[in-house]
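Reviewing the structure listed below.
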Amino acid sequence: SLQYGVLLVLTDGIVSDADTTKALLHAISDLPLTVLIIGIGAADFTRMNEIVEYSNSTSRNNVSFVSYREHQDDPRALSTAALRDIPNHIVDYFAGKGISPTKA
């Protein structure tokens, strides 16, 4: 059966080893998986954004980052921002594998 997963990562923004994080995100880029990273707290997420941008520029675009702080007063906006890229990730993955949708 066709399967696709979403890994939710909650982070405070502190990246202790950016090179390892980049390498791991690149290593899983061929899996049927979206990595959704939610930044929580008041930390500076500049480094996390750089890691996500690097990962998506060197492999399949399957990593998304959303700052909770930017949407903390609007749960609907947080949900929209968090889920926005997942449909494209799924389509890109299966299209890249040559798998077309079938009729139900």
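Labels for the structure tokens follow display order: chains A, B, ..., residues from 1 in each chain, ligands from 1.
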At a cut-off of 10 Å, can you tabulate as a tab-separated table every residue of stretch 20-85 of chain A near stretch 8-13 of chain A together with its closest atom pair and the distance in Å to one decimal, using only C-alpha atoms and ordering rows by chain then number?
residue	atom	partner	partner_atom	distance
A:Thr34	CA	A:Leu8	CA	8.5
A:Val35	CA	A:Leu8	CA	6.2
A:Leu36	CA	A:Leu8	CA	4.9
A:Ile37	CA	A:Val9	CA	4.7
A:Ile38	CA	A:Leu10	CA	5.0
A:Gly39	CA	A:Thr11	CA	5.0
A:Ile40	CA	A:Asp12	CA	5.2
A:Gly41	CA	A:Asp12	CA	5.8
A:Ala42	CA	A:Asp12	CA	7.8
A:Ala43	CA	A:Gly13	CA	5.6
A:Asp44	CA	A:Gly13	CA	6.4
A:Phe45	CA	A:Gly13	CA	5.2
A:Thr46	CA	A:Gly13	CA	8.4
A:Arg47	CA	A:Gly13	CA	7.7
A:Met48	CA	A:Gly13	CA	6.5
A:Asn49	CA	A:Gly13	CA	9.5
A:Ser64	CA	A:Leu8	CA	9.9
A:Phe65	CA	A:Val9	CA	9.4
A:Val66	CA	A:Leu10	CA	9.9
A:Ser67	CA	A:Gly13	CA	9.5
A:Tyr68	CA	A:Leu10	CA	9.6
A:Ala82	CA	A:Leu8	CA	9.8
Would you please give, as a PDB file with C-alpha atoms, in the first residue's frame, all residues of chain A that DSSP assigns to strand (DSSP E) based on the backbone?
ATOM      1  CA  GLY A   5       4.261  10.070   7.021  1.00  0.00           C
ATOM      2  CA  VAL A   6       4.691  13.376   8.791  1.00  0.00           C
ATOM      3  CA  LEU A   7       7.303  13.775  11.518  1.00  0.00           C
ATOM      4  CA  LEU A   8       6.462  16.632  13.893  1.00  0.00           C
ATOM      5  CA  VAL A   9       9.471  18.161  15.634  1.00  0.00           C
ATOM      6  CA  LEU A  10       9.005  20.748  18.379  1.00  0.00           C
ATOM      7  CA  THR A  11      12.135  22.786  18.999  1.00  0.00           C
ATOM      8  CA  LEU A  33       8.097  11.669   4.813  1.00  0.00           C
ATOM      9  CA  THR A  34       7.575  15.332   5.562  1.00  0.00           C
ATOM     10  CA  VAL A  35       9.503  16.813   8.475  1.00  0.00           C
ATOM     11  CA  LEU A  36       7.411  19.568  10.052  1.00  0.00           C
ATOM     12  CA  ILE A  37       9.409  21.649  12.519  1.00  0.00           C
ATOM     13  CA  ILE A  38       7.540  23.966  14.888  1.00  0.00           C
ATOM     14  CA  GLY A  39       9.676  26.520  16.684  1.00  0.00           C
ATOM     15  CA  VAL A  63      11.058  19.982   5.347  1.00  0.00           C
ATOM     16  CA  SER A  64       8.883  22.840   6.637  1.00  0.00           C
ATOM     17  CA  PHE A  65       9.435  25.245   9.507  1.00  0.00           C
ATOM     18  CA  VAL A  66       6.801  27.331  11.283  1.00  0.00           C
ATOM     19  CA  SER A  67       7.340  29.663  14.222  1.00  0.00           C
TER      20      SER A  67
END
Within 12 Å of A:Ala95, counting only C-alpha atoms, which residues qualify if same-chain residues fewer than 6 places away don't, as a short mmCIF file (atom, residue, chain, number, x, y, z; two decimals) with N, CA and C atoms, in the first residue's frame?
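For reference, out_14.cif as written:
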data_model
loop_
_atom_site.label_atom_id
_atom_site.label_comp_id
_atom_site.auth_asym_id
_atom_site.auth_seq_id
_atom_site.Cartn_x
_atom_site.Cartn_y
_atom_site.Cartn_z
N PRO A 32 9.27 8.55 2.12
CA PRO A 32 7.92 9.12 2.01
C PRO A 32 7.56 9.82 3.33
N ARG A 60 15.16 16.77 -2.08
CA ARG A 60 13.72 16.95 -2.26
C ARG A 60 13.17 17.86 -1.17
N ASN A 88 1.96 19.40 -1.33
CA ASN A 88 2.99 19.45 -2.38
C ASN A 88 4.10 18.45 -2.12
N HIS A 89 4.47 18.27 -0.86
CA HIS A 89 5.50 17.28 -0.52
C HIS A 89 5.05 15.89 -0.95
N PRO A 101 -1.76 9.04 -9.25
CA PRO A 101 -2.98 8.74 -8.49
C PRO A 101 -3.88 7.78 -9.24
#
So which residues touch A:Ser100 within 12 Å, counting only C-alpha atoms, skipping near sequence neighbours fewer than 6 positions away, as a count of residues only?
-> 6
Give the helix (DSSP H, G or I) residues of chain A, as assigned by DSSP on the backbone, as a PyMOL selection string.
-> chain A and resi 18-27+46-58+68-71+75-83+86-96
Could you check which of A:Gln3, A:Ile28, A:Val15, A:Gly98 is closest to A:Asn56, using only C-alpha atoms?
-> A:Ile28
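Counting from atom CA of A:Gln72, the distance to atom CA of A:Asp85 is 19.4 Å.
Close contacts of A:His26, defined as residues with an atom at most 8 Å away when counting only C-alpha atoms, with chain neighbours fewer than 6 positions off set aside, comprise A:Ser55, A:Thr58, A:Ser59.
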Please save N, CA, C and O atoms of the selected residues as an mmCIF file, in the first residue's frame.
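File produced: selection.cif:
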data_model
loop_
_atom_site.group_PDB
_atom_site.id
_atom_site.type_symbol
_atom_site.label_atom_id
_atom_site.label_comp_id
_atom_site.auth_asym_id
_atom_site.auth_seq_id
_atom_site.Cartn_x
_atom_site.Cartn_y
_atom_site.Cartn_z
ATOM 1 N N SER A 55 18.511 22.363 3.425
ATOM 2 C CA SER A 55 18.021 21.008 3.181
ATOM 3 C C SER A 55 17.154 20.959 1.936
ATOM 4 O O SER A 55 17.304 20.074 1.095
ATOM 5 N N THR A 58 19.139 21.283 -1.408
ATOM 6 C CA THR A 58 20.086 20.237 -1.802
ATOM 7 C C THR A 58 19.428 18.883 -2.007
ATOM 8 O O THR A 58 20.095 17.926 -2.395
ATOM 9 N N SER A 59 18.150 18.787 -1.715
ATOM 10 C CA SER A 59 17.442 17.519 -1.851
ATOM 11 C C SER A 59 15.966 17.816 -2.086
ATOM 12 O O SER A 59 15.573 18.959 -2.244
#
